[in-house]
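Novice: Shown below is the structure under consideration.
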Amino acid sequence: MTEQLRLMAVHAHPDDESSKGAATMAKYVAEGVDVLVVTCTGGERGSILNPKLQGDPYIEANIHEVRAKEMAEAREILGVRQEWLGFVDSGLPEGDPLPPLPEGCFALQDVDVAAERLVRLVREFRPHVMTTYDENGGYPHPDHIMTHRISMVAFEAAGDPERFPAAGEPWQPLKLYYNQGFNRPRTVALHEALLARGLESPYGEWLERWDDSDRPERSLTTRVPCAEYFPTRDKALIAHATQIDPDGGWFRVPMELQQEVWPTEDYELAKSRVDTALPESDLFAGIRQN
């Protein structure tokens, strides 16, 4: 292709873009790809997970503005553009039985109504490739599942002139991927490498939960080499200070070990309008040579 390649990453909350596919995005930005992150909600109901910031009255009173500022810093680190879709965080319901979701939240929106906002952005930005979450949301947060649902609608509808005619000139993305960075093969590889080096692994409980789960293994069709950009990913993640403890489990695996043992970020090809051979090492496989 002679035109600039464009990648759209659709995420539920600020910080999701830095924990899922951030090194891939930084790699593509460095290669001249135009990358747009779409953030569906403001993350207003996200818990303050950094113990150093818990109980701060300013943060608690101004969480929306704080998380927007964190997002601005992260996008600068990654070199991406970013747009807010404008919905309100649904929160993660807890308890048995689960409480109802808050009125007006993202997860309770009509899917087509919510998808129209994303279709408008797709038609404006004209991405060749989109990334999003699988039907389980990657994990069963209602906003992640809703992000999946509207992304699937938008991928199919954006190129159809009869769908959402007020949302701009039609544009058909060519490929849609699910983020699968938190996959079992990667977790096992890192876990075993840590133990082999006499180091403590943070993944033991993860693997026990996987063993007890009846969810099928996902297909890893596409592994993008991007180890050079793992430090950029971590820097962007730390920018989300209310969400990430810099001394927590995210950062317990030495960088050199990560880069050696599992130097890729991983995806599942969900839809493609171009021919491509699996497995892939490039989200634009089948597009670059057309």
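Naming scheme: A, B, ... for chains in displayed order of the structure tokens; residues 1 onward per chain; ligands 1 onward as shown.
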For segment 273-283 of chain A, work out the shell of residues within 10 Å, counting only C-alpha atoms and skipping chain neighbours fewer than 3 positions away, then give it as a compact mmCIF listing (two decimals) with all heavy atoms, in the first residue's frame.

Specialist:
```txt
# COMPACT_ATOMS: atom_id res chain seq x y z
N LEU A 7 -4.18 2.00 12.44
CA LEU A 7 -4.61 1.00 13.42
C LEU A 7 -5.50 1.68 14.46
O LEU A 7 -5.13 2.71 15.02
CB LEU A 7 -3.39 0.38 14.10
CG LEU A 7 -3.64 -0.52 15.32
CD1 LEU A 7 -4.39 -1.78 14.93
CD2 LEU A 7 -2.31 -0.87 16.00
N THR A 24 2.86 -3.26 21.10
CA THR A 24 2.52 -3.36 19.67
C THR A 24 2.26 -1.99 19.08
O THR A 24 2.77 -1.65 18.01
CB THR A 24 1.27 -4.24 19.49
OG1 THR A 24 1.52 -5.55 20.00
CG2 THR A 24 0.88 -4.33 18.02
N TYR A 28 4.38 0.03 16.14
CA TYR A 28 3.82 0.50 14.88
C TYR A 28 3.96 2.01 14.73
O TYR A 28 4.19 2.52 13.62
CB TYR A 28 2.36 0.05 14.74
CG TYR A 28 2.22 -1.40 14.35
CD1 TYR A 28 1.38 -2.25 15.04
CD2 TYR A 28 2.94 -1.91 13.29
CE1 TYR A 28 1.25 -3.59 14.70
CE2 TYR A 28 2.82 -3.25 12.92
CZ TYR A 28 1.98 -4.08 13.63
OH TYR A 28 1.87 -5.41 13.28
N HIS A 128 -7.26 0.53 8.82
CA HIS A 128 -7.16 -0.73 8.08
C HIS A 128 -7.35 -1.92 9.02
O HIS A 128 -7.86 -2.96 8.60
CB HIS A 128 -5.79 -0.82 7.40
CG HIS A 128 -5.53 0.31 6.46
ND1 HIS A 128 -4.80 1.42 6.80
CD2 HIS A 128 -5.94 0.51 5.18
CE1 HIS A 128 -4.76 2.26 5.78
NE2 HIS A 128 -5.44 1.74 4.79
N VAL A 129 -6.94 -1.75 10.28
CA VAL A 129 -7.02 -2.82 11.27
C VAL A 129 -7.64 -2.27 12.55
O VAL A 129 -7.35 -1.14 12.95
CB VAL A 129 -5.62 -3.40 11.57
CG1 VAL A 129 -5.68 -4.41 12.72
CG2 VAL A 129 -5.02 -4.05 10.32
N MET A 130 -8.48 -3.09 13.18
CA MET A 130 -9.03 -2.77 14.51
C MET A 130 -8.65 -3.87 15.48
O MET A 130 -8.56 -5.04 15.11
CB MET A 130 -10.56 -2.66 14.45
CG MET A 130 -11.09 -1.51 13.61
SD MET A 130 -12.92 -1.53 13.46
CE MET A 130 -13.43 -1.34 15.18
N THR A 131 -8.43 -3.50 16.75
CA THR A 131 -8.28 -4.48 17.82
C THR A 131 -9.32 -4.20 18.89
O THR A 131 -9.70 -3.06 19.13
CB THR A 131 -6.88 -4.45 18.45
OG1 THR A 131 -6.67 -3.19 19.12
CG2 THR A 131 -5.79 -4.64 17.40
N GLN A 172 -14.63 0.47 5.20
CA GLN A 172 -14.57 -0.90 5.67
C GLN A 172 -13.17 -1.25 6.18
O GLN A 172 -12.22 -1.34 5.39
CB GLN A 172 -14.94 -1.89 4.56
CG GLN A 172 -14.89 -3.35 4.99
CD GLN A 172 -15.80 -3.63 6.17
OE1 GLN A 172 -17.01 -3.42 6.10
NE2 GLN A 172 -15.23 -4.10 7.29
N PRO A 173 -12.99 -1.42 7.49
CA PRO A 173 -11.72 -1.96 7.97
C PRO A 173 -11.49 -3.36 7.39
O PRO A 173 -12.44 -4.08 7.07
CB PRO A 173 -11.92 -2.02 9.49
CG PRO A 173 -13.06 -1.09 9.76
CD PRO A 173 -13.94 -1.16 8.56
N LEU A 174 -10.24 -3.74 7.28
CA LEU A 174 -9.90 -4.99 6.61
C LEU A 174 -9.69 -6.16 7.57
O LEU A 174 -9.89 -7.31 7.18
CB LEU A 174 -8.66 -4.80 5.75
CG LEU A 174 -8.81 -3.77 4.63
CD1 LEU A 174 -7.49 -3.57 3.90
CD2 LEU A 174 -9.92 -4.19 3.66
N LYS A 175 -9.29 -5.88 8.80
CA LYS A 175 -9.05 -6.95 9.76
C LYS A 175 -9.47 -6.51 11.16
O LYS A 175 -9.36 -5.33 11.50
CB LYS A 175 -7.57 -7.37 9.78
CG LYS A 175 -7.06 -7.89 8.45
CD LYS A 175 -5.55 -8.13 8.46
CE LYS A 175 -5.22 -9.50 8.99
NZ LYS A 175 -3.76 -9.78 8.90
N LEU A 176 -9.94 -7.48 11.94
CA LEU A 176 -10.32 -7.25 13.33
C LEU A 176 -9.67 -8.33 14.20
O LEU A 176 -9.78 -9.52 13.90
CB LEU A 176 -11.83 -7.30 13.50
CG LEU A 176 -12.37 -7.20 14.93
CD1 LEU A 176 -12.18 -5.78 15.47
CD2 LEU A 176 -13.84 -7.59 15.00
N TYR A 177 -8.99 -7.89 15.25
CA TYR A 177 -8.30 -8.80 16.16
C TYR A 177 -8.83 -8.68 17.57
O TYR A 177 -9.23 -7.59 18.01
CB TYR A 177 -6.80 -8.48 16.20
CG TYR A 177 -6.03 -8.84 14.96
CD1 TYR A 177 -5.86 -7.91 13.94
CD2 TYR A 177 -5.44 -10.10 14.82
CE1 TYR A 177 -5.14 -8.23 12.80
CE2 TYR A 177 -4.71 -10.42 13.68
CZ TYR A 177 -4.57 -9.49 12.68
OH TYR A 177 -3.85 -9.81 11.56
N LEU A 220 -4.28 -18.38 19.30
CA LEU A 220 -3.30 -17.31 19.12
C LEU A 220 -2.82 -17.36 17.68
O LEU A 220 -1.92 -18.12 17.34
CB LEU A 220 -2.13 -17.48 20.10
CG LEU A 220 -2.48 -17.53 21.58
CD1 LEU A 220 -1.22 -17.69 22.41
CD2 LEU A 220 -3.25 -16.28 22.00
N THR A 221 -3.44 -16.55 16.85
CA THR A 221 -3.11 -16.58 15.42
C THR A 221 -1.96 -15.68 15.06
O THR A 221 -1.29 -15.89 14.04
CB THR A 221 -4.33 -16.14 14.59
OG1 THR A 221 -4.62 -14.76 14.89
CG2 THR A 221 -5.55 -17.00 14.88
N THR A 222 -1.70 -14.66 15.90
CA THR A 222 -0.81 -13.57 15.50
C THR A 222 0.04 -13.15 16.68
O THR A 222 -0.49 -12.71 17.70
CB THR A 222 -1.63 -12.38 14.98
OG1 THR A 222 -2.58 -12.85 14.02
CG2 THR A 222 -0.72 -11.34 14.34
N ARG A 223 1.35 -13.28 16.53
CA ARG A 223 2.29 -12.92 17.59
C ARG A 223 3.21 -11.83 17.05
O ARG A 223 4.03 -12.10 16.16
CB ARG A 223 3.07 -14.14 18.07
CG ARG A 223 2.18 -15.21 18.68
CD ARG A 223 2.98 -16.42 19.14
NE ARG A 223 3.99 -16.03 20.13
CZ ARG A 223 4.90 -16.88 20.61
NH1 ARG A 223 4.93 -18.14 20.20
NH2 ARG A 223 5.79 -16.45 21.51
N VAL A 224 3.06 -10.63 17.57
CA VAL A 224 3.79 -9.47 17.05
C VAL A 224 5.07 -9.28 17.86
O VAL A 224 5.00 -8.99 19.07
CB VAL A 224 2.92 -8.20 17.13
CG1 VAL A 224 3.70 -6.98 16.63
CG2 VAL A 224 1.63 -8.38 16.33
N PRO A 225 6.25 -9.41 17.26
CA PRO A 225 7.50 -9.18 18.00
C PRO A 225 7.63 -7.70 18.37
O PRO A 225 7.63 -6.84 17.50
CB PRO A 225 8.59 -9.60 16.99
CG PRO A 225 7.88 -10.39 15.94
CD PRO A 225 6.49 -9.83 15.88
N THR A 264 6.77 -11.29 22.37
CA THR A 264 5.68 -10.87 21.51
C THR A 264 4.47 -10.43 22.33
O THR A 264 4.35 -10.74 23.51
CB THR A 264 5.23 -12.02 20.58
OG1 THR A 264 4.70 -13.10 21.38
CG2 THR A 264 6.38 -12.53 19.73
N GLU A 265 3.57 -9.69 21.66
CA GLU A 265 2.20 -9.52 22.14
C GLU A 265 1.31 -10.29 21.18
O GLU A 265 1.57 -10.33 19.96
CB GLU A 265 1.82 -8.04 22.22
CG GLU A 265 2.53 -7.34 23.36
CD GLU A 265 2.12 -5.91 23.56
OE1 GLU A 265 1.68 -5.25 22.58
OE2 GLU A 265 2.26 -5.40 24.70
N ASP A 266 0.26 -10.88 21.72
CA ASP A 266 -0.46 -11.93 21.00
C ASP A 266 -1.93 -11.56 20.75
O ASP A 266 -2.57 -10.94 21.59
CB ASP A 266 -0.38 -13.23 21.79
CG ASP A 266 1.06 -13.57 22.17
OD1 ASP A 266 1.95 -13.34 21.34
OD2 ASP A 266 1.28 -14.04 23.30
N TYR A 267 -2.41 -12.04 19.61
CA TYR A 267 -3.74 -11.66 19.14
C TYR A 267 -4.43 -12.86 18.50
O TYR A 267 -3.79 -13.83 18.08
CB TYR A 267 -3.65 -10.52 18.11
CG TYR A 267 -3.02 -9.29 18.67
CD1 TYR A 267 -1.62 -9.14 18.70
CD2 TYR A 267 -3.78 -8.27 19.22
CE1 TYR A 267 -1.02 -8.02 19.24
CE2 TYR A 267 -3.20 -7.14 19.76
CZ TYR A 267 -1.81 -7.02 19.77
OH TYR A 267 -1.23 -5.91 20.32
N GLU A 268 -5.73 -12.75 18.41
CA GLU A 268 -6.57 -13.73 17.72
C GLU A 268 -7.28 -13.03 16.58
O GLU A 268 -8.03 -12.08 16.79
CB GLU A 268 -7.59 -14.31 18.70
CG GLU A 268 -8.56 -15.31 18.10
CD GLU A 268 -9.57 -15.82 19.12
OE1 GLU A 268 -9.45 -15.48 20.32
OE2 GLU A 268 -10.50 -16.54 18.70
N LEU A 269 -7.01 -13.46 15.36
CA LEU A 269 -7.68 -12.88 14.20
C LEU A 269 -9.14 -13.31 14.20
O LEU A 269 -9.45 -14.50 14.09
CB LEU A 269 -6.98 -13.32 12.91
CG LEU A 269 -7.58 -12.79 11.61
CD1 LEU A 269 -7.53 -11.27 11.55
CD2 LEU A 269 -6.85 -13.40 10.40
N GLY A 286 -1.15 -9.36 4.84
CA GLY A 286 -2.20 -9.42 3.84
C GLY A 286 -2.68 -8.07 3.38
O GLY A 286 -3.45 -7.97 2.42
N ILE A 287 -2.25 -7.00 4.07
CA ILE A 287 -2.63 -5.64 3.69
C ILE A 287 -1.45 -4.91 3.08
O ILE A 287 -1.58 -4.24 2.06
CB ILE A 287 -3.15 -4.87 4.94
CG1 ILE A 287 -4.40 -5.54 5.49
CG2 ILE A 287 -3.42 -3.41 4.58
CD1 ILE A 287 -4.91 -4.92 6.79
N ARG A 288 -0.28 -5.05 3.69
CA ARG A 288 0.89 -4.30 3.23
C ARG A 288 1.20 -4.57 1.77
O ARG A 288 1.59 -3.68 1.02
CB ARG A 288 2.13 -4.66 4.05
CG ARG A 288 2.09 -4.18 5.49
CD ARG A 288 3.40 -4.52 6.17
NE ARG A 288 3.39 -4.31 7.61
CZ ARG A 288 3.70 -3.18 8.22
NH1 ARG A 288 4.04 -2.12 7.51
NH2 ARG A 288 3.69 -3.11 9.53
N ASN A 290 -0.88 -5.57 -0.58
CA ASN A 290 -2.00 -5.41 -1.52
C ASN A 290 -1.95 -4.04 -2.21
O ASN A 290 -1.41 -3.09 -1.68
CB ASN A 290 -3.32 -5.55 -0.78
CG ASN A 290 -3.60 -7.01 -0.41
OD1 ASN A 290 -2.87 -7.90 -0.81
ND2 ASN A 290 -4.66 -7.24 0.35
```

Novice: Residues at most 10 Å from Val29 of chain A, counting only C-alpha atoms, excluding those fewer than 3 positions away in the same chain, as a VMD selection string?

Specialist: chain A and resid 6 to 7 23 to 26 32 to 35 78 to 80

Novice: What would the file look like if the residues just selected were written as a short mmCIF file (atom, residue, chain, number, x, y, z; two decimals), in the first residue's frame with N, CA, C and O atoms?

Specialist:
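Generated file (out23.cif):
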```cif
data_model
loop_
_atom_site.label_atom_id
_atom_site.label_comp_id
_atom_site.auth_asym_id
_atom_site.auth_seq_id
_atom_site.Cartn_x
_atom_site.Cartn_y
_atom_site.Cartn_z
N ARG A 6 -3.16 2.49 9.13
CA ARG A 6 -3.86 3.02 10.30
C ARG A 6 -4.40 1.88 11.14
O ARG A 6 -5.00 0.94 10.62
N LEU A 7 -4.18 2.00 12.44
CA LEU A 7 -4.61 1.00 13.42
C LEU A 7 -5.50 1.68 14.46
O LEU A 7 -5.13 2.71 15.02
N ALA A 23 2.83 -2.30 23.68
CA ALA A 23 4.12 -2.42 22.99
C ALA A 23 3.91 -2.56 21.48
O ALA A 23 4.70 -2.03 20.69
N THR A 24 2.86 -3.26 21.10
CA THR A 24 2.52 -3.36 19.67
C THR A 24 2.26 -1.99 19.08
O THR A 24 2.77 -1.65 18.01
N MET A 25 1.47 -1.18 19.78
CA MET A 25 1.16 0.15 19.28
C MET A 25 2.41 1.01 19.18
O MET A 25 2.62 1.71 18.19
N ALA A 26 3.26 0.97 20.21
CA ALA A 26 4.49 1.75 20.18
C ALA A 26 5.38 1.33 19.02
O ALA A 26 6.01 2.17 18.37
N GLY A 32 5.84 4.31 11.65
CA GLY A 32 5.11 5.27 10.84
C GLY A 32 3.63 4.99 10.69
O GLY A 32 2.94 5.67 9.92
N VAL A 33 3.11 4.02 11.43
CA VAL A 33 1.67 3.73 11.39
C VAL A 33 0.93 4.77 12.24
O VAL A 33 1.41 5.18 13.30
N ASP A 34 -0.21 5.20 11.77
CA ASP A 34 -1.07 6.12 12.52
C ASP A 34 -1.95 5.27 13.43
O ASP A 34 -2.71 4.42 12.96
N VAL A 35 -1.83 5.48 14.74
CA VAL A 35 -2.54 4.65 15.72
C VAL A 35 -3.50 5.52 16.52
O VAL A 35 -3.11 6.54 17.09
N LEU A 78 3.11 6.62 24.52
CA LEU A 78 2.95 5.64 23.45
C LEU A 78 3.02 6.27 22.06
O LEU A 78 3.25 5.56 21.07
N GLY A 79 2.80 7.58 21.97
CA GLY A 79 2.84 8.25 20.68
C GLY A 79 1.58 8.07 19.86
O GLY A 79 1.61 8.26 18.63
N VAL A 80 0.48 7.73 20.52
CA VAL A 80 -0.77 7.47 19.81
C VAL A 80 -1.71 8.66 19.90
O VAL A 80 -1.55 9.54 20.75
#
```

Novice: Report the closest atom pair, with its distance in Å rounded to one decimal, for each residue of segment 193-264 of chain A that has an atom no farther than 12 Å from segment 42-48 of chain A; count only C-alpha atoms, sort by chain and then rising residue number, and write it as JSON lines.

Specialist:
```
{"residue": "A:His240", "atom": "CA", "partner": "A:Ile48", "partner_atom": "CA", "distance": 10.2}
{"residue": "A:Ala241", "atom": "CA", "partner": "A:Ile48", "partner_atom": "CA", "distance": 8.7}
{"residue": "A:Thr242", "atom": "CA", "partner": "A:Ile48", "partner_atom": "CA", "distance": 5.1}
{"residue": "A:Gln243", "atom": "CA", "partner": "A:Ile48", "partner_atom": "CA", "distance": 5.7}
{"residue": "A:Ile244", "atom": "CA", "partner": "A:Ile48", "partner_atom": "CA", "distance": 8.4}
{"residue": "A:Asp245", "atom": "CA", "partner": "A:Ile48", "partner_atom": "CA", "distance": 9.7}
```

Novice: Output C-alpha atoms for every residue in the selection just made, as a compact mmCIF listing (two decimals), in the first residue's frame.

Specialist:
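selection.txt, written as the output of this step:
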```
# COMPACT_ATOMS: atom_id res chain seq x y z
CA HIS A 240 -2.05 5.39 35.17
CA ALA A 241 -0.97 5.97 38.75
CA THR A 242 -4.38 5.41 40.36
CA GLN A 243 -4.70 2.01 38.70
CA ILE A 244 -1.20 0.57 38.90
CA ASP A 245 1.08 -0.07 41.87
```

Novice: Using only C-alpha atoms, what table do you get, as a tab-separated table, when you list each residue of segment 97-185 of chain A with an atom no more than 12 Å from segment 199-213 of chain A, its nearest pair of atoms, and their distance in Å rounded to one decimal, rows by chain then rising number?

Specialist:
```
residue	atom	partner	partner_atom	distance
A:Phe182	CA	A:Trp206	CA	10.2
A:Asn183	CA	A:Trp210	CA	9.8
A:Arg184	CA	A:Leu207	CA	7.6
A:Pro185	CA	A:Leu207	CA	10.3
```

Novice: If you keep all heavy atoms, can you produce a file of those selected residues as a PDB file, in the first residue's frame?

Specialist:
```
ATOM      1  N   PHE A 182      -3.033 -11.965  27.709  1.00  0.00           N
ATOM      2  CA  PHE A 182      -3.038 -12.750  28.939  1.00  0.00           C
ATOM      3  C   PHE A 182      -3.463 -14.178  28.610  1.00  0.00           C
ATOM      4  O   PHE A 182      -4.565 -14.606  28.930  1.00  0.00           O
ATOM      5  CB  PHE A 182      -3.959 -12.122  29.979  1.00  0.00           C
ATOM      6  CG  PHE A 182      -3.577 -10.707  30.306  1.00  0.00           C
ATOM      7  CD1 PHE A 182      -4.389  -9.649  29.921  1.00  0.00           C
ATOM      8  CD2 PHE A 182      -2.397 -10.431  30.967  1.00  0.00           C
ATOM      9  CE1 PHE A 182      -4.036  -8.343  30.212  1.00  0.00           C
ATOM     10  CE2 PHE A 182      -2.023  -9.120  31.262  1.00  0.00           C
ATOM     11  CZ  PHE A 182      -2.848  -8.080  30.871  1.00  0.00           C
ATOM     12  N   ASN A 183      -2.576 -14.897  27.937  1.00  0.00           N
ATOM     13  CA  ASN A 183      -2.900 -16.244  27.507  1.00  0.00           C
ATOM     14  C   ASN A 183      -2.125 -17.272  28.320  1.00  0.00           C
ATOM     15  O   ASN A 183      -1.091 -16.979  28.918  1.00  0.00           O
ATOM     16  CB  ASN A 183      -2.627 -16.402  26.006  1.00  0.00           C
ATOM     17  CG  ASN A 183      -1.174 -16.115  25.649  1.00  0.00           C
ATOM     18  OD1 ASN A 183      -0.280 -16.922  25.919  1.00  0.00           O
ATOM     19  ND2 ASN A 183      -0.922 -14.956  25.026  1.00  0.00           N
ATOM     20  N   ARG A 184      -2.622 -18.481  28.331  1.00  0.00           N
ATOM     21  CA  ARG A 184      -2.012 -19.525  29.151  1.00  0.00           C
ATOM     22  C   ARG A 184      -0.589 -19.896  28.704  1.00  0.00           C
ATOM     23  O   ARG A 184       0.300 -20.028  29.565  1.00  0.00           O
ATOM     24  CB  ARG A 184      -2.903 -20.767  29.187  1.00  0.00           C
ATOM     25  CG  ARG A 184      -2.369 -21.854  30.098  1.00  0.00           C
ATOM     26  CD  ARG A 184      -3.285 -23.071  30.138  1.00  0.00           C
ATOM     27  NE  ARG A 184      -2.692 -24.151  30.901  1.00  0.00           N
ATOM     28  CZ  ARG A 184      -2.763 -24.270  32.220  1.00  0.00           C
ATOM     29  NH1 ARG A 184      -3.440 -23.380  32.911  1.00  0.00           N
ATOM     30  NH2 ARG A 184      -2.183 -25.269  32.843  1.00  0.00           N
ATOM     31  N   PRO A 185      -0.320 -20.095  27.409  1.00  0.00           N
ATOM     32  CA  PRO A 185       1.061 -20.448  27.030  1.00  0.00           C
ATOM     33  C   PRO A 185       2.095 -19.428  27.495  1.00  0.00           C
ATOM     34  O   PRO A 185       3.172 -19.804  27.980  1.00  0.00           O
ATOM     35  CB  PRO A 185       0.987 -20.533  25.506  1.00  0.00           C
ATOM     36  CG  PRO A 185      -0.429 -20.861  25.213  1.00  0.00           C
ATOM     37  CD  PRO A 185      -1.223 -20.135  26.255  1.00  0.00           C
TER      38      PRO A 185
END
```

Novice: Going by DSSP on the backbone, which bits of segment 127-209 of chain A are strand (DSSP E or B)? Write them as a PDB file with N, CA, C and O atoms, in the first residue's frame, please.

Specialist:
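Contents of selection_19.pdb, freshly written:
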```
ATOM      1  N   VAL A 129      -6.941  -1.751  10.280  1.00  0.00           N
ATOM      2  CA  VAL A 129      -7.022  -2.823  11.268  1.00  0.00           C
ATOM      3  C   VAL A 129      -7.636  -2.268  12.546  1.00  0.00           C
ATOM      4  O   VAL A 129      -7.349  -1.136  12.947  1.00  0.00           O
ATOM      5  N   MET A 130      -8.477  -3.088  13.184  1.00  0.00           N
ATOM      6  CA  MET A 130      -9.030  -2.768  14.508  1.00  0.00           C
ATOM      7  C   MET A 130      -8.647  -3.872  15.484  1.00  0.00           C
ATOM      8  O   MET A 130      -8.558  -5.041  15.112  1.00  0.00           O
ATOM      9  N   THR A 131      -8.432  -3.497  16.749  1.00  0.00           N
ATOM     10  CA  THR A 131      -8.281  -4.481  17.819  1.00  0.00           C
ATOM     11  C   THR A 131      -9.318  -4.196  18.895  1.00  0.00           C
ATOM     12  O   THR A 131      -9.700  -3.056  19.127  1.00  0.00           O
ATOM     13  N   THR A 132      -9.763  -5.269  19.542  1.00  0.00           N
ATOM     14  CA  THR A 132     -10.745  -5.148  20.613  1.00  0.00           C
ATOM     15  C   THR A 132     -10.640  -6.376  21.500  1.00  0.00           C
ATOM     16  O   THR A 132      -9.628  -7.082  21.481  1.00  0.00           O
ATOM     17  N   LYS A 175      -9.285  -5.877   8.803  1.00  0.00           N
ATOM     18  CA  LYS A 175      -9.050  -6.953   9.763  1.00  0.00           C
ATOM     19  C   LYS A 175      -9.473  -6.507  11.160  1.00  0.00           C
ATOM     20  O   LYS A 175      -9.361  -5.332  11.499  1.00  0.00           O
ATOM     21  N   LEU A 176      -9.938  -7.484  11.940  1.00  0.00           N
ATOM     22  CA  LEU A 176     -10.317  -7.252  13.334  1.00  0.00           C
ATOM     23  C   LEU A 176      -9.668  -8.329  14.197  1.00  0.00           C
ATOM     24  O   LEU A 176      -9.782  -9.524  13.902  1.00  0.00           O
ATOM     25  N   TYR A 177      -8.988  -7.890  15.253  1.00  0.00           N
ATOM     26  CA  TYR A 177      -8.301  -8.803  16.155  1.00  0.00           C
ATOM     27  C   TYR A 177      -8.827  -8.676  17.574  1.00  0.00           C
ATOM     28  O   TYR A 177      -9.228  -7.590  18.008  1.00  0.00           O
ATOM     29  N   TYR A 178      -8.742  -9.802  18.304  1.00  0.00           N
ATOM     30  CA  TYR A 178      -8.964  -9.788  19.738  1.00  0.00           C
ATOM     31  C   TYR A 178      -7.606  -9.757  20.451  1.00  0.00           C
ATOM     32  O   TYR A 178      -6.703 -10.530  20.108  1.00  0.00           O
ATOM     33  N   ASN A 179      -7.471  -8.878  21.442  1.00  0.00           N
ATOM     34  CA  ASN A 179      -6.283  -8.910  22.294  1.00  0.00           C
ATOM     35  C   ASN A 179      -6.277 -10.219  23.079  1.00  0.00           C
ATOM     36  O   ASN A 179      -7.265 -10.555  23.724  1.00  0.00           O
TER      37      ASN A 179
END
```

Novice: Check the smallest atom-to-atom distance from each of A:Ile59, A:Glu162, A:Ala30, A:His13 to Ser90 of chain A using only C-alpha atoms, then report the winner.

Specialist: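 Closest residue, counting only C-alpha atoms: A:His13.
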
Novice: I'd like to know which of A:Lys20, A:Asp247, A:Pro254, A:Tyr139 is closest to Asn50 of chain A, using only C-alpha atoms.

Specialist: A:Asp247

Novice: Identify all residues of segment 110-284 of chain A in helix (DSSP H, G or I) (DSSP on the backbone) and supply them as a PyMOL selection string.

Specialist: chain A and resi 111-125+142-157+165-167+184-196+204-212+227-239+249-251+255-261

Novice: So what do you get for atom CA of Leu49 of chain A versus atom CA of Leu92 of chain A, distance-wise?

Specialist: 13.4 Å

Novice: Using atom CA of Glu31 of chain A and atom CA of Ala227 of chain A as the two end points, give the distance in Å to one decimal.

Specialist: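 Going from atom CA of Glu31 of chain A over to atom CA of Ala227 of chain A covers 14.6 Å.
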
Novice: Find the spatial neighbours of His11 of chain A, counting only C-alpha atoms, within a cut-off of 12 Å - ignore same-chain residues fewer than 3 positions away - and output them as a PyMOL selection string.

Specialist: chain A and resi 8+14-22+36-43+82-85+87+89+118+130-134+137-138+143-151+178-179
